[in-house]
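Below: one structure, written as structure tokens.
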Amino acid sequence: VEVFDVNTDTEQEGEVSDDEQFEIPNKVPRVPSFKSKDGTVWKQHYPPKAVRTRQCNIVTHLQGVKPCARGAKTPIECWSLFFDDDTLNVILENTNLYINKCSKNYSRERSAKPKDIIEIKALIGLLYLGGVLKSARLCTDELCDRNGCGVERFWLTMSKDRFLFLLRHLWFDNTETRDDRKKCDKFAAIRQVFQMFLENCKRSYTIGEFATVDEMLEAFRGRCSFLQYMPKKPNKYGLKFFSLVDAKTWYVLNMEPYVGQQPEGPFRAKNYPRSIVERLIEPISGTGRNITCDNWFTSFPLITSLLSTHRTTCVGTVRKNKRELPKEFVETKTRPVGSSIFGFQEDTTIVSFVPKKGKNVILASSMHHDDTIDSSIGDKNKPEIVTFYNSTKGGVDVVDKLCAAYDVARNTRRWPMVILYALLNIAGINSQVIYIFNNQMKNSVRRMYLKELAIGLTDDHLKRRVALTKLPREVREKRQEVAGTSSQHIK
């Protein structure tokens with residue numbers, strides 16, 4: 001349906017005498033437009049371009065490392081920004097409480113010995129080392145094999161029994177108070193560590209002007225009340241997170257776990273896509289950033305809310321069942337390949353592009369305000385909105401690939417351990433972003449960075465174990481060689 005904004009006054013008939021003086025009304029140009037089912041009007045011609053930059057496109061808080069993190073130069077220093085001593089102490093205290101509770105099940109006292117922060121760092125370092133060697137899922141017996149087929153640094157740093165004991169008893173909250181906390185929070189088993197990690201992510205780095213909001217799924221098939229099944233994901237079963245990621249550097253700034261409907265209390269929140277996005281972007285609200293998201297999140301009320309309340313633009317694909325879309329944008333039977341239809345409002349632009357016969361993609365943007373076609377990609381006639389979406393939509397997907405490439409996760413039946421493995425993977429990505437920025441490097445090989453990080457985390461514990469004397473001579477000498485010490489330094 002086309003609507004024309006024209007003057008409805010009828011023209012006067014007959015001649016006008018010279019004595020009659022009146023002003024002839026100015027002609028109003030005919031502006032064709034589209035009308036949707038709910039009455040939303042989209043003009044075919046874009047509004048006049050403003051000379052000044054729109055307020056929503058003025059970026060404040062420039063991208064980069066924040067002052068508190070600029071002194072971190074080595075991999076271990078960069079990693080410690082995210083798992084600082086406060087976070088590790090929470091894990092340490094709760095783990096030792098659980099070990100003391102279970103110590104009665106062990107006949108020997110040394111089998112259930114409490115651990116310290118050096119040992120917990122060594123444990124995390126071995127997890128990173130297993131991920132670098134793509135052996136995280138490998139049987140521990142093979143990793144600690146001393147007949148030439150194992151990983152030497154594993155059995156030099158920690159015995160197999162101690163490694164398995166620490167993984168089995170790694171705990172993140174007080175079990176005695178968990179039942180009370182679960183009455184208002186399903187995520188209580190690891191909530192404190194998770195929140196501390198996110199605060200460290202927000203405190204250390206300012207992301208760029210383009211960010212991505214999307215879902216992440218951490219593989220898990222054990223017992224959990226909020227386990228998700230997503231058939232289009234590679235793992236299909238797992239724990240779902242909503243994430244805010246820098247579209248260029250892949251720095252993970254904010255996350256929110258999906259646990260279903262929370263009980264009444266401080267953690268209960270709406271699970272609507274619009275509400276989720278508005279909670280995720282709180283760290284960058286009012287800074288002039290742009291959010292790219294897929295059609296599960298994108299809606300016209302969300303675009304309006306982000307622009308008016310958070311001074312943030314949004315670009316995303318739109319589902320074809322939205323009532324704000326005119327029928328011309330949905331139908332594709334008579335449209336040629338490569339054709340585009342644009343609709344404009346004062347702050348929002350929509351486009352329907354036909355990439356192949358009989359199929360189209362619809363996008364909405366509050367960042368673009370014209371019908372520019374991107375000529376840099378050849379004769380495909382893709383609108384600039386489409387190419388921009390393609391270049392910024394993959395932030396979360398790239399994070400998934402980076403995590404999967406050197407995954408630290410080991411087989412477990414405890415869902416809090418799955419969360420810890422996910423946080424360790426993300427800490428490896430975020431810390432490398434800061435490492436590259438602080439050392440003014442163009443790039444850094446991620447495998448070598450994680451390897452150096454694993455060595456840094458295990459060094460202190462390895463050097464401490466050099467002093468152990470009740471070991472075979474060849475084991476002591478090899479440990480001294482790897483630790484960079486000699487028997488002369490041991491008292």
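Going through the structure tokens in order, the chains are called A, B, and so on, while each chain numbers its residues from 1 and the ligands are numbered from 1 in the order shown.
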
Which residues of range 317-412 of chain A sit at most 10 Å from range 416-440 of chain A, using only C-alpha atoms? Give each one's shortest atom pair and distance in Å (one decimal place), in chain and ascending residue order, as CSV.
```
residue,atom,partner,partner_atom,distance
A:Val399,CA,A:Ile426,CA,7.9
A:Asp400,CA,A:Ile426,CA,9.4
A:Leu402,CA,A:Ile429,CA,7.7
A:Cys403,CA,A:Asn425,CA,5.5
A:Ala404,CA,A:Asn425,CA,8.6
A:Ala405,CA,A:Asn425,CA,9.9
A:Tyr406,CA,A:Asn425,CA,8.0
A:Asp407,CA,A:Asn425,CA,6.6
A:Val408,CA,A:Tyr421,CA,6.1
A:Ala409,CA,A:Tyr421,CA,5.2
A:Arg410,CA,A:Tyr421,CA,8.1
A:Asn411,CA,A:Val418,CA,8.9
A:Thr412,CA,A:Met417,CA,7.1
```

Take the residues from that selection and write them out as a CSV table (one decimal), in the first residue's frame, keeping N, CA, C and O atoms.
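Full text of selection.csv as output:
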```csv
chain,number,residue,atom,x,y,z
A,399,VAL,N,34.8,-16.2,19.5
A,399,VAL,CA,35.2,-16.6,20.9
A,399,VAL,C,35.0,-18.1,21.1
A,399,VAL,O,35.8,-18.8,21.7
A,400,ASP,N,33.8,-18.6,20.6
A,400,ASP,CA,33.6,-20.0,20.7
A,400,ASP,C,34.7,-20.8,20.0
A,400,ASP,O,35.1,-21.9,20.5
A,402,LEU,N,37.8,-19.9,19.4
A,402,LEU,CA,39.1,-19.7,20.1
A,402,LEU,C,39.1,-20.6,21.3
A,402,LEU,O,40.1,-21.3,21.7
A,403,CYS,N,38.0,-20.7,22.0
A,403,CYS,CA,37.9,-21.5,23.2
A,403,CYS,C,38.0,-23.0,22.9
A,403,CYS,O,38.6,-23.8,23.6
A,404,ALA,N,37.4,-23.4,21.7
A,404,ALA,CA,37.4,-24.8,21.3
A,404,ALA,C,38.8,-25.2,20.8
A,404,ALA,O,39.1,-26.4,20.9
A,405,ALA,N,39.5,-24.3,20.3
A,405,ALA,CA,40.9,-24.6,19.7
A,405,ALA,C,41.8,-25.1,20.8
A,405,ALA,O,42.5,-26.1,20.6
A,406,TYR,N,41.8,-24.5,22.0
A,406,TYR,CA,42.7,-24.9,23.1
A,406,TYR,C,41.9,-25.0,24.4
A,406,TYR,O,42.1,-24.3,25.3
A,407,ASP,N,40.9,-25.8,24.3
A,407,ASP,CA,39.9,-26.0,25.4
A,407,ASP,C,40.6,-26.6,26.6
A,407,ASP,O,41.2,-27.7,26.5
A,408,VAL,N,40.4,-26.0,27.8
A,408,VAL,CA,41.0,-26.6,29.1
A,408,VAL,C,40.0,-27.6,29.7
A,408,VAL,O,40.4,-28.2,30.7
A,409,ALA,N,38.8,-27.7,29.2
A,409,ALA,CA,37.8,-28.5,29.9
A,409,ALA,C,38.1,-30.0,29.9
A,409,ALA,O,38.6,-30.5,28.9
A,410,ARG,N,37.9,-30.6,31.1
A,410,ARG,CA,38.0,-32.0,31.2
A,410,ARG,C,36.7,-32.6,31.5
A,410,ARG,O,35.7,-31.9,31.9
A,411,ASN,N,36.5,-33.9,31.3
A,411,ASN,CA,35.2,-34.6,31.6
A,411,ASN,C,34.8,-34.4,33.0
A,411,ASN,O,35.6,-34.7,33.9
A,412,THR,N,33.6,-34.0,33.2
A,412,THR,CA,33.1,-33.8,34.6
A,412,THR,C,31.6,-34.0,34.6
A,412,THR,O,30.9,-33.8,33.6
```

Residues flagged strand (DSSP E) by DSSP in range 132-217 of chain A, as an MDAnalysis selection string: chainID A and resid 205:206 210:217

Spatial neighbours of Phe82 in chain A, max dist 9 Å, only C-alpha atoms, sep filter under 6 positions, as a PyMOL selection string: chain A and resi 196-201+204+427+430-431

For the residues in the current selection, export all heavy atoms as a compact mmCIF listing (two decimals), in the first residue's frame.
```
# COMPACT_ATOMS: atom_id res chain seq x y z
N MET A 196 32.72 -12.04 40.43
CA MET A 196 34.04 -11.42 40.61
C MET A 196 34.83 -11.42 39.31
O MET A 196 35.52 -10.44 38.98
CB MET A 196 34.81 -12.16 41.70
CG MET A 196 34.20 -12.02 43.09
SD MET A 196 35.05 -13.00 44.35
CE MET A 196 36.54 -12.03 44.57
N PHE A 197 34.71 -12.49 38.55
CA PHE A 197 35.39 -12.56 37.26
C PHE A 197 34.85 -11.49 36.31
O PHE A 197 35.62 -10.80 35.62
CB PHE A 197 35.22 -13.95 36.66
CG PHE A 197 35.81 -14.10 35.28
CD1 PHE A 197 37.16 -14.33 35.12
CD2 PHE A 197 35.01 -14.00 34.15
CE1 PHE A 197 37.71 -14.46 33.84
CE2 PHE A 197 35.54 -14.13 32.88
CZ PHE A 197 36.90 -14.36 32.73
N LEU A 198 33.53 -11.32 36.24
CA LEU A 198 32.94 -10.33 35.35
C LEU A 198 33.33 -8.92 35.75
O LEU A 198 33.60 -8.06 34.89
CB LEU A 198 31.42 -10.47 35.34
CG LEU A 198 30.85 -11.71 34.68
CD1 LEU A 198 29.33 -11.65 34.67
CD2 LEU A 198 31.36 -11.88 33.25
N GLU A 199 33.38 -8.64 37.04
CA GLU A 199 33.80 -7.31 37.50
C GLU A 199 35.24 -7.03 37.08
O GLU A 199 35.57 -5.90 36.70
CB GLU A 199 33.67 -7.22 39.02
CG GLU A 199 32.23 -7.18 39.51
CD GLU A 199 31.46 -6.00 38.93
OE1 GLU A 199 32.04 -4.90 38.82
OE2 GLU A 199 30.26 -6.19 38.59
N ASN A 200 36.09 -8.04 37.12
CA ASN A 200 37.47 -7.86 36.66
C ASN A 200 37.54 -7.61 35.16
O ASN A 200 38.38 -6.83 34.70
CB ASN A 200 38.31 -9.09 37.04
CG ASN A 200 38.51 -9.22 38.53
OD1 ASN A 200 38.45 -8.24 39.27
ND2 ASN A 200 38.74 -10.44 39.00
N CYS A 201 36.67 -8.25 34.40
CA CYS A 201 36.62 -8.01 32.95
C CYS A 201 36.22 -6.57 32.64
O CYS A 201 36.81 -5.92 31.77
CB CYS A 201 35.65 -8.98 32.28
SG CYS A 201 36.17 -10.71 32.27
N SER A 204 39.10 -3.90 33.60
CA SER A 204 40.44 -3.93 32.99
C SER A 204 40.50 -3.35 31.59
O SER A 204 41.59 -2.92 31.16
CB SER A 204 40.94 -5.39 32.94
OG SER A 204 40.97 -5.95 34.24
N ALA A 427 39.36 -16.15 30.12
CA ALA A 427 40.49 -15.42 30.70
C ALA A 427 41.72 -15.51 29.80
O ALA A 427 42.50 -14.55 29.70
CB ALA A 427 40.80 -15.96 32.09
N ASN A 430 40.92 -12.87 26.98
CA ASN A 430 40.95 -11.49 27.44
C ASN A 430 42.35 -11.04 27.86
O ASN A 430 42.77 -9.92 27.58
CB ASN A 430 39.98 -11.32 28.62
CG ASN A 430 38.53 -11.33 28.19
OD1 ASN A 430 38.22 -11.51 27.02
ND2 ASN A 430 37.63 -11.16 29.13
N SER A 431 43.06 -11.93 28.54
CA SER A 431 44.41 -11.56 28.99
C SER A 431 45.35 -11.37 27.81
O SER A 431 46.24 -10.51 27.87
CB SER A 431 44.95 -12.62 29.95
OG SER A 431 45.03 -13.89 29.31
```

Do you know which residues are at most 6 Å from range 289-306 of chain A counting only C-alpha atoms, after dropping those on the same chain fewer than 4 positions away, and could you put them as a tab-separated table (two decimals) with all heavy atoms, in the first residue's frame?
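Everything below was put into selection_8.tsv:
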```
chain	number	residue	atom	x	y	z
A	209	GLU	N	34.15	0.43	19.38
A	209	GLU	CA	32.83	1.01	19.11
A	209	GLU	C	31.83	0.00	18.58
A	209	GLU	O	30.64	0.30	18.52
A	209	GLU	CB	32.98	2.16	18.11
A	209	GLU	CG	33.66	1.76	16.80
A	209	GLU	CD	33.87	2.94	15.89
A	209	GLU	OE1	32.99	3.84	15.89
A	209	GLU	OE2	34.88	2.98	15.18
A	210	PHE	N	32.27	-1.20	18.21
A	210	PHE	CA	31.36	-2.21	17.68
A	210	PHE	C	31.40	-3.46	18.57
A	210	PHE	O	32.47	-4.00	18.84
A	210	PHE	CB	31.73	-2.60	16.24
A	210	PHE	CG	31.85	-1.42	15.32
A	210	PHE	CD1	33.00	-1.19	14.59
A	210	PHE	CD2	30.79	-0.53	15.19
A	210	PHE	CE1	33.11	-0.11	13.74
A	210	PHE	CE2	30.89	0.56	14.35
A	210	PHE	CZ	32.04	0.78	13.63
A	211	ALA	N	30.22	-3.89	19.01
A	211	ALA	CA	30.12	-5.05	19.90
A	211	ALA	C	29.05	-6.00	19.38
A	211	ALA	O	28.16	-5.61	18.63
A	211	ALA	CB	29.81	-4.61	21.33
A	212	THR	N	29.14	-7.25	19.82
A	212	THR	CA	28.20	-8.29	19.41
A	212	THR	C	27.53	-8.90	20.63
A	212	THR	O	28.19	-9.17	21.63
A	212	THR	CB	28.94	-9.41	18.63
A	212	THR	OG1	29.72	-8.83	17.60
A	212	THR	CG2	27.94	-10.38	18.02
A	213	VAL	N	26.24	-9.12	20.53
A	213	VAL	CA	25.48	-9.83	21.56
A	213	VAL	C	24.97	-11.13	20.96
A	213	VAL	O	24.33	-11.11	19.90
A	213	VAL	CB	24.31	-9.00	22.09
A	213	VAL	CG1	23.42	-9.84	23.00
A	213	VAL	CG2	24.82	-7.78	22.83
A	273	PRO	N	14.20	-11.16	25.20
A	273	PRO	CA	15.41	-10.73	24.49
A	273	PRO	C	15.76	-9.27	24.73
A	273	PRO	O	16.93	-8.93	24.93
A	273	PRO	CB	15.07	-11.00	23.02
A	273	PRO	CG	14.06	-12.09	23.06
A	273	PRO	CD	13.25	-11.86	24.30
A	274	ARG	N	14.75	-8.40	24.72
A	274	ARG	CA	15.03	-6.97	24.94
A	274	ARG	C	15.63	-6.74	26.33
A	274	ARG	O	16.60	-5.99	26.48
A	274	ARG	CB	13.74	-6.18	24.77
A	274	ARG	CG	13.86	-4.71	25.14
A	274	ARG	CD	12.53	-4.00	24.97
A	274	ARG	NE	12.57	-2.67	25.56
A	274	ARG	CZ	11.53	-1.83	25.59
A	274	ARG	NH1	10.38	-2.20	25.06
A	274	ARG	NH2	11.65	-0.65	26.16
A	310	HIS	N	19.85	4.45	26.15
A	310	HIS	CA	21.26	4.10	26.33
A	310	HIS	C	22.18	4.80	25.33
A	310	HIS	O	23.39	4.56	25.37
A	310	HIS	CB	21.44	2.59	26.21
A	310	HIS	CG	20.62	1.80	27.17
A	310	HIS	ND1	21.00	1.61	28.48
A	310	HIS	CD2	19.42	1.17	27.04
A	310	HIS	CE1	20.08	0.88	29.11
A	310	HIS	NE2	19.12	0.59	28.25
A	312	THR	N	22.75	4.18	22.29
A	312	THR	CA	23.46	3.07	21.63
A	312	THR	C	22.69	2.67	20.38
A	312	THR	O	21.48	2.50	20.43
A	312	THR	CB	23.58	1.87	22.58
A	312	THR	OG1	24.27	2.26	23.77
A	312	THR	CG2	24.33	0.73	21.92
A	313	THR	N	23.39	2.54	19.26
A	313	THR	CA	22.74	2.12	18.03
A	313	THR	C	22.72	0.60	17.96
A	313	THR	O	23.45	-0.10	18.67
A	313	THR	CB	23.45	2.70	16.80
A	313	THR	OG1	24.83	2.30	16.83
A	313	THR	CG2	23.36	4.21	16.79
A	314	CYS	N	21.91	0.09	17.03
A	314	CYS	CA	21.73	-1.36	16.92
A	314	CYS	C	21.59	-1.74	15.45
A	314	CYS	O	20.90	-1.04	14.68
A	314	CYS	CB	20.50	-1.81	17.71
A	314	CYS	SG	20.17	-3.59	17.62
A	315	VAL	N	22.23	-2.83	15.05
A	315	VAL	CA	22.10	-3.40	13.72
A	315	VAL	C	21.83	-4.88	13.89
A	315	VAL	O	22.55	-5.57	14.61
A	315	VAL	CB	23.36	-3.18	12.86
A	315	VAL	CG1	23.21	-3.86	11.51
A	315	VAL	CG2	23.65	-1.71	12.69
A	316	GLY	N	20.78	-5.38	13.23
A	316	GLY	CA	20.46	-6.79	13.38
A	316	GLY	C	19.49	-7.29	12.34
A	316	GLY	O	18.78	-6.49	11.71
A	317	THR	N	19.47	-8.59	12.15
A	317	THR	CA	18.50	-9.21	11.26
A	317	THR	C	17.13	-9.22	11.95
A	317	THR	O	17.04	-9.28	13.17
A	317	THR	CB	18.92	-10.63	10.90
A	317	THR	OG1	19.19	-11.36	12.10
A	317	THR	CG2	20.16	-10.61	10.01
A	318	VAL	N	16.08	-9.21	11.14
A	318	VAL	CA	14.71	-9.13	11.65
A	318	VAL	C	13.92	-10.32	11.12
A	318	VAL	O	14.02	-10.67	9.93
A	318	VAL	CB	14.02	-7.81	11.22
A	318	VAL	CG1	12.62	-7.72	11.79
A	318	VAL	CG2	14.86	-6.62	11.65
A	319	ARG	N	13.15	-10.94	11.99
A	319	ARG	CA	12.29	-12.04	11.56
A	319	ARG	C	11.15	-11.50	10.72
A	319	ARG	O	10.64	-10.40	10.95
A	319	ARG	CB	11.75	-12.79	12.77
A	319	ARG	CG	12.83	-13.57	13.51
A	319	ARG	CD	12.26	-14.37	14.66
A	319	ARG	NE	13.30	-15.17	15.30
A	319	ARG	CZ	13.09	-15.95	16.35
A	319	ARG	NH1	11.87	-16.01	16.90
A	319	ARG	NH2	14.08	-16.66	16.87
A	393	LYS	N	28.99	-9.40	13.10
A	393	LYS	CA	28.09	-10.36	13.73
A	393	LYS	C	28.81	-11.52	14.41
A	393	LYS	O	28.24	-12.23	15.23
A	393	LYS	CB	27.12	-10.94	12.69
A	393	LYS	CG	27.79	-11.85	11.68
A	393	LYS	CD	26.81	-12.47	10.71
A	393	LYS	CE	27.51	-13.40	9.73
A	393	LYS	NZ	26.56	-14.03	8.78
```

Residue set, range 210-277 of chain A restricted to alpha helix (DSSP H), as a ChimeraX atom specification: /A:273-277

Among listed residues A:Phe172, A:Tyr449, A:Phe329, A:Phe154, nearest Leu88 in chain A (using only C-alpha atoms): A:Phe172
